[in-house]
Amino acid sequence: MPAEGPSMLRLLIDDADVGAFDAAVAAARARGASPEELAAAERERAIALQLRDTLLRHRRNEAELQLLNDTANDLASLRDLDSILQAIADRARRLIECDLAYISLSDHGRGDCYIRAAAGNISGLLVGLRLPTGAGLGGMVARTGEPYSLESYVGDTTITHTGPIDRTVAAEGIESLLGVPVKLKQEVIGVLLAAHRAVRSFSSRDITALSMLANHAAVAIENSRLLTAAQTAVEDLRVANATIGSHVDDLERTAEVHERLTKLVIQGKGVEEVVHATAAVVRGHVLVVDEHGTTVATSGEEGEALPAEIAEAGADARRSGHTLVRDRLCVVPMITESEPLGTLVHVGTSPIGDTDRRILERAALVAALVLVTRRRMAEAEARVRGELLGELLSHPAQDYDVLRHRASILGVDLDACRVLVVAHLDGAARERIYPALAALARRFRGLATHHHDTVVLLAPGEDARTVAQAATRELSRATRNRVTAGVACVPHPTAVAGAHEEAAKCMRALIALGRHGETAAAGDLGFVGALFNGHPDVAGFVTATLGPVLHYDSEHRADLLRTLEVFCETGQNARNTAQILHLHHNTVSQRLARVGRLLGDDWRAADRLLEIQVALRLHRVCGR
């Protein structure tokens with residue numbers, strides 16, 4: 001009997017549900033089909049349902065494969081790890097058709113794992129949750145490396161529960177849970193989990209599908225890490241290449257500066273040229289300061305005072321022996337094995353870089369070389385000058401024409417040298433004296449030598465005291481020692497030896513009198529100077545000591561000198577003086593006050609009074 005209604009094949013083609021197949025058999029029974037026809041219909045129904053299940057499985061497998069293929073393609077196009085993990089969670093949720101999916105990664109540094117990305121979560125507790133090893137389903141899967149599923153998480157006793165994990169499960173409303181390991185070369189690097197908010201079992205197909213997705217995830221995670229490492233390596237190489245290029249540029253710049261400075265040394269240039277060449281390369285102000293704080297050369301305006309900050313930094317650099325950098329200030333000490341030479345200072349327009357610092361250190365080295373060379377040449381010159389002066393001191397019967405010629409070669413006019421200074425230095429080191437001699441001779445355009453532990457200077461000048469005081473100041477500054485000096489005039493080159501004897505006596509007299517650090521000629525020492533002078537000038541001594549009183553008596557027909565004599569003879573007793581002179585006491589007091597105004601307020605001091613008494617005696621002996 002022909003079948004009425006749709007056939008089983010049509011139902012399969014139309015993708016009808018199970019009820020449609022049951023309805024076809026029921027329709028055949030309703031129209032009175034024979035038992036044979038009903039049995040055939042039942043067989044067709046069973047075969048059709050089997051075919052339907054097979055088709056559904058194929059379709060589902062095809063969909064899963066397509067989803068996995070799409071996932072692999074999508075993951076291959078992603079580079080950022082967070083984006084990859086989020087895509088994996090989204091695909092897991094679609095693949096398993098679950099309410100919630102998330103992925104955790106292992107943290108080898110802390111020995112646990114943490115949830116990195118999630119899809120379908122409804123609370124803010126899930127992402128970032130840390131899972132101790134072995135705790136919760138994820139911790140168990142990470143520890144064992146095997147898939148694991150639960151139909152009811154809350155009531156399960158096979159897993160380790162923790163407060164944070166249970167609170168998160170409750171917040172998300174999770175009931176059933178499936179977790180599979182994310183493995184890379186047999187190492188578990190994470191866990192992929194799928195969850196339902198209702199009790200439901202997971203099939204082997206779900207476990208297989210989620211495991212396949214986890215395999216894709218492992219490859220994608222590793223690729224992302226490798227890509228990140230490669231990008232980091234490329235960036236490191238780029239930075240290294242840029243650094244090497246910068247270093248090469250710096251080295252070329254430094255070599256160019258070194259070559260330029262070396263040429264200056266070969267050409268015999270001075271520190272000034274070194275300073276200007278350095279300032280042309282390193283932007284800013286460059287100056288060389290000697291060990292005493294005096295500016296030797298500068299690229300700026302001459303005569304500028306050295307700021308306290310630079311002076312302090314220079315002292316710190318000399319003490320440490322190393323380059324000192326303070327923001328825009330760089331101070332390089334110039335130190336040799338034998339002596340400190342000062343510092344090279346750079347004040348820049350911006351903070352000092354390593355390359356500029358190296359250039360400044362090269363410049364300081366060259367400047368030190370120039371200074372040492374100049375000093376050695378100056379010392380050699382000083383020795384030559386000293387030998388000439390030594391001959392003038394030791395051999396008065398020399399051929400002075402020859403000496404004049406030798407002096408002229410050194411740029412010294414022997415006939416113009418009218419001042420001779422003999423100086424004693426308290427504790428000065430010999431290595432400081434010789435450079436000071438060269439500087440002293442050059443500055444005063446004369447001759448200087450170290451003679452019998454004293455410094456002797458023969459220099460041009462008409463005012464002996466002025467020349468001597470300037471020379472002692474320069475000598476004290478250069479040697480950093482107290483200087484006591486005697487000075488004498490040199491009327492002719494043949495009188496150098498005699499002038500030296502007179503100046504040396506004055507120097508010794510100053511030391512004997514305890515007047516250290518002073519400079520004096522014979523006339524400045526009163527009667528002591530008159531005694532030490534080779535040709536005593538008694539009249540000059542009397543005039544220098546009593547001149548104002550003698551002049552007053554001559555102009556005013558007064559008798560101050562007689563009053564002063566009696567006052568001294570009576571032991572400075574004004575009443576006895578008044579009685580001897582037959583004067584009123586007030587008259588004597590007025591005369592003595594007048595003497596004080598003429599001779600100075602300190603005329604009664606012991607030293608002055610002694611000189612006055614000696615002058616009074618000499619005046620009486622030589623005749624009024």
# chains A, B, ... in the order shown; residues from 1 in each chain; ligands from 1

$ residues_around --residues "range 463-471 of chain A" --least-positions-apart "5" --cutoff "12 Å" --atoms "only C-alpha atoms" --output "ChimeraX atom specification"
/A:417-423,436-437,439-446,448,455-458,476-478,483-491,499,503,507,517-524

$ write_last_selection --atoms "C-alpha atoms" --output "compact mmCIF listing (two decimals), in the first residue's frame"
# COMPACT_ATOMS: atom_id res chain seq x y z
CA CYS A 417 118.70 96.72 37.80
CA ARG A 418 118.90 99.04 40.80
CA VAL A 419 117.10 96.97 43.44
CA LEU A 420 118.39 93.89 45.24
CA VAL A 421 116.09 91.85 47.51
CA VAL A 422 117.21 89.05 49.85
CA ALA A 423 114.24 87.02 51.12
CA ALA A 436 108.71 80.66 41.81
CA LEU A 437 112.17 81.96 40.94
CA ALA A 439 108.14 83.42 37.56
CA LEU A 440 109.70 86.12 39.75
CA ALA A 441 112.53 86.80 37.30
CA ARG A 442 110.16 86.95 34.33
CA ARG A 443 107.66 89.22 36.05
CA PHE A 444 110.23 91.73 37.27
CA ARG A 445 112.46 91.39 34.16
CA GLY A 446 115.47 90.71 36.32
CA ALA A 448 116.70 85.57 40.61
CA VAL A 455 115.99 83.97 47.49
CA VAL A 456 117.90 86.80 45.86
CA LEU A 457 116.26 89.06 43.27
CA LEU A 458 118.04 91.72 41.22
CA SER A 476 104.65 84.47 49.22
CA ARG A 477 101.72 83.74 46.90
CA ALA A 478 103.74 81.38 44.70
CA VAL A 483 108.47 85.86 53.42
CA THR A 484 110.85 88.14 55.36
CA ALA A 485 113.03 90.30 53.12
CA GLY A 486 115.75 92.91 53.23
CA VAL A 487 116.28 95.34 50.37
CA ALA A 488 119.17 97.51 49.21
CA CYS A 489 119.84 99.83 46.29
CA VAL A 490 122.36 98.88 43.59
CA PRO A 491 123.93 101.99 42.07
CA ALA A 499 124.10 95.52 48.16
CA ALA A 503 120.10 93.46 52.23
CA MET A 507 116.80 90.47 56.54
CA GLY A 517 106.88 88.62 57.25
CA GLU A 518 108.10 92.23 56.89
CA THR A 519 110.22 93.90 54.24
CA ALA A 520 112.68 96.64 55.15
CA ALA A 521 115.74 98.54 53.98
CA ALA A 522 118.49 99.74 56.30
CA GLY A 523 116.76 103.07 56.69
CA ASP A 524 113.60 101.36 57.92

$ closest_residue --among "A:Glu272, A:Glu37, A:Glu44, A:Glu187" --to "Ser7 in chain A" --atoms "only C-alpha atoms"
A:Glu44

$ select_by_dssp --residues "range 137-211 of chain A" --states "helix (DSSP H, G or I)" --output "VMD selection string"
chain A and resid 137 to 144 163 to 172 204 to 211

$ closest_residue --among "A:Ala280, A:Ala605, A:Ala27, A:Ala101" --to "Ala119 in chain A" --atoms "only C-alpha atoms"
A:Ala101

$ atom_distance --atom1 "CA of Ala142 in chain A" --atom2 "CA of Ala170 in chain A"
21.8 Å

$ residues_around --residues "Asp327 in chain A" --least-positions-apart "2" --cutoff "10 Å" --atoms "only C-alpha atoms" --output "PDB file with N, CA, C and O atoms, in the first residue's frame"
ATOM      1  N   LEU A 324      85.317  66.053  38.547  1.00  0.00           N
ATOM      2  CA  LEU A 324      84.113  66.369  39.311  1.00  0.00           C
ATOM      3  C   LEU A 324      83.097  67.002  38.366  1.00  0.00           C
ATOM      4  O   LEU A 324      83.405  67.980  37.684  1.00  0.00           O
ATOM      5  N   VAL A 325      81.885  66.421  38.309  1.00  0.00           N
ATOM      6  CA  VAL A 325      80.825  66.925  37.440  1.00  0.00           C
ATOM      7  C   VAL A 325      79.630  67.298  38.303  1.00  0.00           C
ATOM      8  O   VAL A 325      79.128  66.473  39.075  1.00  0.00           O
ATOM      9  N   LEU A 329      78.640  72.084  35.370  1.00  0.00           N
ATOM     10  CA  LEU A 329      80.024  72.380  35.746  1.00  0.00           C
ATOM     11  C   LEU A 329      80.854  71.103  35.734  1.00  0.00           C
ATOM     12  O   LEU A 329      80.451  70.086  36.288  1.00  0.00           O
ATOM     13  N   CYS A 330      82.012  71.174  35.066  1.00  0.00           N
ATOM     14  CA  CYS A 330      82.941  70.036  35.033  1.00  0.00           C
ATOM     15  C   CYS A 330      84.331  70.557  35.394  1.00  0.00           C
ATOM     16  O   CYS A 330      84.819  71.509  34.773  1.00  0.00           O
ATOM     17  N   VAL A 347      82.303  75.431  32.172  1.00  0.00           N
ATOM     18  CA  VAL A 347      80.940  75.798  32.552  1.00  0.00           C
ATOM     19  C   VAL A 347      80.105  75.748  31.285  1.00  0.00           C
ATOM     20  O   VAL A 347      80.229  76.615  30.411  1.00  0.00           O
ATOM     21  N   GLY A 348      79.276  74.714  31.159  1.00  0.00           N
ATOM     22  CA  GLY A 348      78.529  74.485  29.928  1.00  0.00           C
ATOM     23  C   GLY A 348      77.167  75.157  29.912  1.00  0.00           C
ATOM     24  O   GLY A 348      76.708  75.715  30.915  1.00  0.00           O
ATOM     25  N   THR A 349      76.529  75.066  28.751  1.00  0.00           N
ATOM     26  CA  THR A 349      75.175  75.598  28.599  1.00  0.00           C
ATOM     27  C   THR A 349      74.125  74.539  28.875  1.00  0.00           C
ATOM     28  O   THR A 349      72.946  74.837  28.905  1.00  0.00           O
ATOM     29  N   SER A 350      74.559  73.291  29.065  1.00  0.00           N
ATOM     30  CA  SER A 350      73.665  72.178  29.350  1.00  0.00           C
ATOM     31  C   SER A 350      74.447  71.170  30.189  1.00  0.00           C
ATOM     32  O   SER A 350      75.672  71.275  30.303  1.00  0.00           O
ATOM     33  N   PRO A 351      73.767  70.172  30.795  1.00  0.00           N
ATOM     34  CA  PRO A 351      74.477  69.179  31.605  1.00  0.00           C
ATOM     35  C   PRO A 351      75.591  68.493  30.820  1.00  0.00           C
ATOM     36  O   PRO A 351      75.471  68.238  29.621  1.00  0.00           O
ATOM     37  N   ILE A 352      76.697  68.184  31.503  1.00  0.00           N
ATOM     38  CA  ILE A 352      77.882  67.607  30.884  1.00  0.00           C
ATOM     39  C   ILE A 352      77.650  66.128  30.580  1.00  0.00           C
ATOM     40  O   ILE A 352      77.266  65.360  31.459  1.00  0.00           O
ATOM     41  N   GLY A 353      77.862  65.716  29.310  1.00  0.00           N
ATOM     42  CA  GLY A 353      77.743  64.321  28.910  1.00  0.00           C
ATOM     43  C   GLY A 353      79.075  63.594  29.027  1.00  0.00           C
ATOM     44  O   GLY A 353      80.129  64.194  29.267  1.00  0.00           O
TER      45      GLY A 353
END

$ select_by_dssp --residues "range 425-559 of chain A" --states "strand (DSSP E or B)" --output "JSON list (two decimals) with N, CA and C atoms, in the first residue's frame"
[["chain", "number", "residue", "atom", "x", "y", "z"],
["A", 425, "LEU", "N", 112.31, 82.43, 53.30],
["A", 425, "LEU", "CA", 111.00, 81.79, 53.24],
["A", 425, "LEU", "C", 110.89, 80.79, 54.37],
["A", 447, "LEU", "N", 116.93, 89.16, 37.48],
["A", 447, "LEU", "CA", 117.62, 87.90, 37.75],
["A", 447, "LEU", "C", 117.23, 87.43, 39.15],
["A", 448, "ALA", "N", 117.04, 86.12, 39.30],
["A", 448, "ALA", "CA", 116.70, 85.57, 40.61],
["A", 448, "ALA", "C", 117.44, 84.26, 40.80],
["A", 449, "THR", "N", 117.81, 83.98, 42.06],
["A", 449, "THR", "CA", 118.52, 82.73, 42.35],
["A", 449, "THR", "C", 118.26, 82.33, 43.78],
["A", 450, "HIS", "N", 118.57, 81.07, 44.08],
["A", 450, "HIS", "CA", 118.48, 80.55, 45.44],
["A", 450, "HIS", "C", 119.90, 80.49, 45.97],
["A", 451, "HIS", "N", 120.20, 81.38, 46.93],
["A", 451, "HIS", "CA", 121.60, 81.57, 47.36],
["A", 451, "HIS", "C", 121.66, 81.47, 48.88],
["A", 454, "THR", "N", 118.45, 81.45, 50.80],
["A", 454, "THR", "CA", 117.62, 82.65, 50.62],
["A", 454, "THR", "C", 117.34, 82.84, 49.14],
["A", 455, "VAL", "N", 116.31, 83.60, 48.87],
["A", 455, "VAL", "CA", 115.99, 83.97, 47.49],
["A", 455, "VAL", "C", 116.54, 85.37, 47.25],
["A", 456, "VAL", "N", 117.30, 85.51, 46.19],
["A", 456, "VAL", "CA", 117.90, 86.80, 45.86],
["A", 456, "VAL", "C", 117.33, 87.26, 44.52],
["A", 457, "LEU", "N", 116.83, 88.48, 44.49],
["A", 457, "LEU", "CA", 116.26, 89.06, 43.27],
["A", 457, "LEU", "C", 116.98, 90.36, 42.95],
["A", 458, "LEU", "N", 117.46, 90.47, 41.73],
["A", 458, "LEU", "CA", 118.04, 91.72, 41.22],
["A", 458, "LEU", "C", 117.09, 92.20, 40.13],
["A", 459, "ALA", "N", 116.46, 93.36, 40.36],
["A", 459, "ALA", "CA", 115.40, 93.81, 39.45],
["A", 459, "ALA", "C", 115.53, 95.30, 39.17],
["A", 460, "PRO", "N", 114.96, 95.72, 38.02],
["A", 460, "PRO", "CA", 114.96, 97.16, 37.71],
["A", 460, "PRO", "C", 113.99, 97.88, 38.64],
["A", 483, "VAL", "N", 107.20, 85.38, 53.99],
["A", 483, "VAL", "CA", 108.47, 85.86, 53.42],
["A", 483, "VAL", "C", 108.94, 87.07, 54.23],
["A", 484, "THR", "N", 110.20, 87.02, 54.68],
["A", 484, "THR", "CA", 110.85, 88.14, 55.36],
["A", 484, "THR", "C", 112.02, 88.59, 54.47],
["A", 485, "ALA", "N", 112.06, 89.86, 54.13],
["A", 485, "ALA", "CA", 113.03, 90.30, 53.12],
["A", 485, "ALA", "C", 113.71, 91.60, 53.51],
["A", 486, "GLY", "N", 115.00, 91.67, 53.15],
["A", 486, "GLY", "CA", 115.75, 92.91, 53.23],
["A", 486, "GLY", "C", 116.02, 93.42, 51.83],
["A", 487, "VAL", "N", 116.12, 94.75, 51.67],
["A", 487, "VAL", "CA", 116.28, 95.34, 50.37],
["A", 487, "VAL", "C", 117.39, 96.40, 50.42],
["A", 488, "ALA", "N", 118.10, 96.51, 49.31],
["A", 488, "ALA", "CA", 119.17, 97.51, 49.21],
["A", 488, "ALA", "C", 119.21, 98.03, 47.78],
["A", 489, "CYS", "N", 119.72, 99.23, 47.63],
["A", 489, "CYS", "CA", 119.84, 99.83, 46.29],
["A", 489, "CYS", "C", 121.17, 99.42, 45.67],
["A", 519, "THR", "N", 109.18, 93.54, 55.22],
["A", 519, "THR", "CA", 110.22, 93.90, 54.24],
["A", 519, "THR", "C", 110.79, 95.26, 54.64],
["A", 520, "ALA", "N", 112.09, 95.37, 54.68],
["A", 520, "ALA", "CA", 112.68, 96.64, 55.15],
["A", 520, "ALA", "C", 114.05, 96.84, 54.52],
["A", 521, "ALA", "N", 114.39, 98.13, 54.36],
["A", 521, "ALA", "CA", 115.74, 98.54, 53.98],
["A", 521, "ALA", "C", 116.45, 98.99, 55.25]]

$ residues_around --residues "range 569-574 of chain A" --least-positions-apart "5" --cutoff "12 Å" --atoms "only C-alpha atoms" --output "count of residues only"
29

$ closest_residue --among "A:Leu251, A:Arg404, A:Arg473, A:Ala368" --to "Val296 in chain A" --atoms "only C-alpha atoms"
A:Ala368

$ residues_around --residues "Glu42 in chain A" --least-positions-apart "4" --cutoff "10 Å" --atoms "only C-alpha atoms" --output "PyMOL selection string"
chain A and resi 21-22+24-26+28+36-38+46-48

$ write_last_selection --atoms "all heavy atoms" --output "PDB file, in the first residue's frame"
ATOM      1  N   PHE A  21       9.311  11.934  12.873  1.00  0.00           N
ATOM      2  CA  PHE A  21       9.463  10.512  12.525  1.00  0.00           C
ATOM      3  C   PHE A  21       8.438   9.665  13.278  1.00  0.00           C
ATOM      4  O   PHE A  21       7.833   8.731  12.731  1.00  0.00           O
ATOM      5  CB  PHE A  21      10.890  10.029  12.838  1.00  0.00           C
ATOM      6  CG  PHE A  21      11.930  10.643  11.939  1.00  0.00           C
ATOM      7  CD1 PHE A  21      12.586  11.793  12.295  1.00  0.00           C
ATOM      8  CD2 PHE A  21      12.210  10.042  10.724  1.00  0.00           C
ATOM      9  CE1 PHE A  21      13.530  12.355  11.460  1.00  0.00           C
ATOM     10  CE2 PHE A  21      13.162  10.595   9.887  1.00  0.00           C
ATOM     11  CZ  PHE A  21      13.822  11.766  10.238  1.00  0.00           C
ATOM     12  N   ASP A  22       8.206   9.971  14.544  1.00  0.00           N
ATOM     13  CA  ASP A  22       7.197   9.242  15.301  1.00  0.00           C
ATOM     14  C   ASP A  22       5.801   9.485  14.713  1.00  0.00           C
ATOM     15  O   ASP A  22       4.948   8.575  14.663  1.00  0.00           O
ATOM     16  CB  ASP A  22       7.226   9.696  16.773  1.00  0.00           C
ATOM     17  CG  ASP A  22       8.511   9.285  17.465  1.00  0.00           C
ATOM     18  OD1 ASP A  22       9.183   8.355  16.969  1.00  0.00           O
ATOM     19  OD2 ASP A  22       8.879   9.911  18.495  1.00  0.00           O
ATOM     20  N   ALA A  24       5.043  10.004  11.593  1.00  0.00           N
ATOM     21  CA  ALA A  24       4.896   9.245  10.351  1.00  0.00           C
ATOM     22  C   ALA A  24       4.455   7.803  10.638  1.00  0.00           C
ATOM     23  O   ALA A  24       3.582   7.234   9.971  1.00  0.00           O
ATOM     24  CB  ALA A  24       6.213   9.266   9.577  1.00  0.00           C
ATOM     25  N   VAL A  25       5.017   7.186  11.677  1.00  0.00           N
ATOM     26  CA  VAL A  25       4.618   5.821  12.057  1.00  0.00           C
ATOM     27  C   VAL A  25       3.200   5.833  12.602  1.00  0.00           C
ATOM     28  O   VAL A  25       2.369   4.941  12.307  1.00  0.00           O
ATOM     29  CB  VAL A  25       5.599   5.251  13.095  1.00  0.00           C
ATOM     30  CG1 VAL A  25       5.118   3.873  13.582  1.00  0.00           C
ATOM     31  CG2 VAL A  25       7.003   5.152  12.502  1.00  0.00           C
ATOM     32  N   ALA A  26       2.876   6.840  13.406  1.00  0.00           N
ATOM     33  CA  ALA A  26       1.527   6.935  13.973  1.00  0.00           C
ATOM     34  C   ALA A  26       0.501   7.135  12.862  1.00  0.00           C
ATOM     35  O   ALA A  26      -0.628   6.591  12.914  1.00  0.00           O
ATOM     36  CB  ALA A  26       1.464   8.095  14.971  1.00  0.00           C
ATOM     37  N   ALA A  28       0.707   6.001   9.773  1.00  0.00           N
ATOM     38  CA  ALA A  28       0.528   4.700   9.115  1.00  0.00           C
ATOM     39  C   ALA A  28      -0.365   3.792   9.946  1.00  0.00           C
ATOM     40  O   ALA A  28      -1.235   3.047   9.413  1.00  0.00           O
ATOM     41  CB  ALA A  28       1.878   4.033   8.892  1.00  0.00           C
ATOM     42  N   GLU A  36       2.643  -5.963   8.579  1.00  0.00           N
ATOM     43  CA  GLU A  36       3.894  -5.962   7.838  1.00  0.00           C
ATOM     44  C   GLU A  36       4.318  -4.539   7.498  1.00  0.00           C
ATOM     45  O   GLU A  36       5.496  -4.159   7.586  1.00  0.00           O
ATOM     46  CB  GLU A  36       3.766  -6.787   6.559  1.00  0.00           C
ATOM     47  CG  GLU A  36       3.600  -8.296   6.781  1.00  0.00           C
ATOM     48  CD  GLU A  36       2.147  -8.660   7.156  1.00  0.00           C
ATOM     49  OE1 GLU A  36       1.297  -7.718   7.103  1.00  0.00           O
ATOM     50  OE2 GLU A  36       1.925  -9.819   7.529  1.00  0.00           O
ATOM     51  N   GLU A  37       3.344  -3.725   7.105  1.00  0.00           N
ATOM     52  CA  GLU A  37       3.649  -2.328   6.745  1.00  0.00           C
ATOM     53  C   GLU A  37       4.097  -1.540   7.982  1.00  0.00           C
ATOM     54  O   GLU A  37       5.014  -0.708   7.914  1.00  0.00           O
ATOM     55  CB  GLU A  37       2.422  -1.675   6.127  1.00  0.00           C
ATOM     56  CG  GLU A  37       2.095  -2.236   4.750  1.00  0.00           C
ATOM     57  CD  GLU A  37       0.808  -1.636   4.179  1.00  0.00           C
ATOM     58  OE1 GLU A  37      -0.003  -1.120   4.967  1.00  0.00           O
ATOM     59  OE2 GLU A  37       0.685  -1.666   2.940  1.00  0.00           O
ATOM     60  N   LEU A  38       3.438  -1.835   9.123  1.00  0.00           N
ATOM     61  CA  LEU A  38       3.835  -1.119  10.348  1.00  0.00           C
ATOM     62  C   LEU A  38       5.250  -1.508  10.769  1.00  0.00           C
ATOM     63  O   LEU A  38       6.056  -0.661  11.210  1.00  0.00           O
ATOM     64  CB  LEU A  38       2.854  -1.432  11.479  1.00  0.00           C
ATOM     65  CG  LEU A  38       1.464  -0.793  11.354  1.00  0.00           C
ATOM     66  CD1 LEU A  38       0.549  -1.276  12.463  1.00  0.00           C
ATOM     67  CD2 LEU A  38       1.572   0.741  11.401  1.00  0.00           C
ATOM     68  N   ALA A  46      13.626   3.624  12.610  1.00  0.00           N
ATOM     69  CA  ALA A  46      14.851   3.400  13.377  1.00  0.00           C
ATOM     70  C   ALA A  46      16.089   3.735  12.545  1.00  0.00           C
ATOM     71  O   ALA A  46      17.039   4.379  13.025  1.00  0.00           O
ATOM     72  CB  ALA A  46      14.900   1.942  13.859  1.00  0.00           C
ATOM     73  N   ILE A  47      16.063   3.261  11.272  1.00  0.00           N
ATOM     74  CA  ILE A  47      17.210   3.563  10.398  1.00  0.00           C
ATOM     75  C   ILE A  47      17.320   5.063  10.158  1.00  0.00           C
ATOM     76  O   ILE A  47      18.421   5.650  10.173  1.00  0.00           O
ATOM     77  CB  ILE A  47      17.061   2.793   9.065  1.00  0.00           C
ATOM     78  CG1 ILE A  47      17.172   1.280   9.317  1.00  0.00           C
ATOM     79  CG2 ILE A  47      18.127   3.241   8.073  1.00  0.00           C
ATOM     80  CD1 ILE A  47      16.817   0.416   8.085  1.00  0.00           C
ATOM     81  N   ALA A  48      16.191   5.709   9.966  1.00  0.00           N
ATOM     82  CA  ALA A  48      16.196   7.162   9.712  1.00  0.00           C
ATOM     83  C   ALA A  48      16.746   7.929  10.916  1.00  0.00           C
ATOM     84  O   ALA A  48      17.519   8.894  10.778  1.00  0.00           O
ATOM     85  CB  ALA A  48      14.794   7.639   9.367  1.00  0.00           C
TER      86      ALA A  48
END
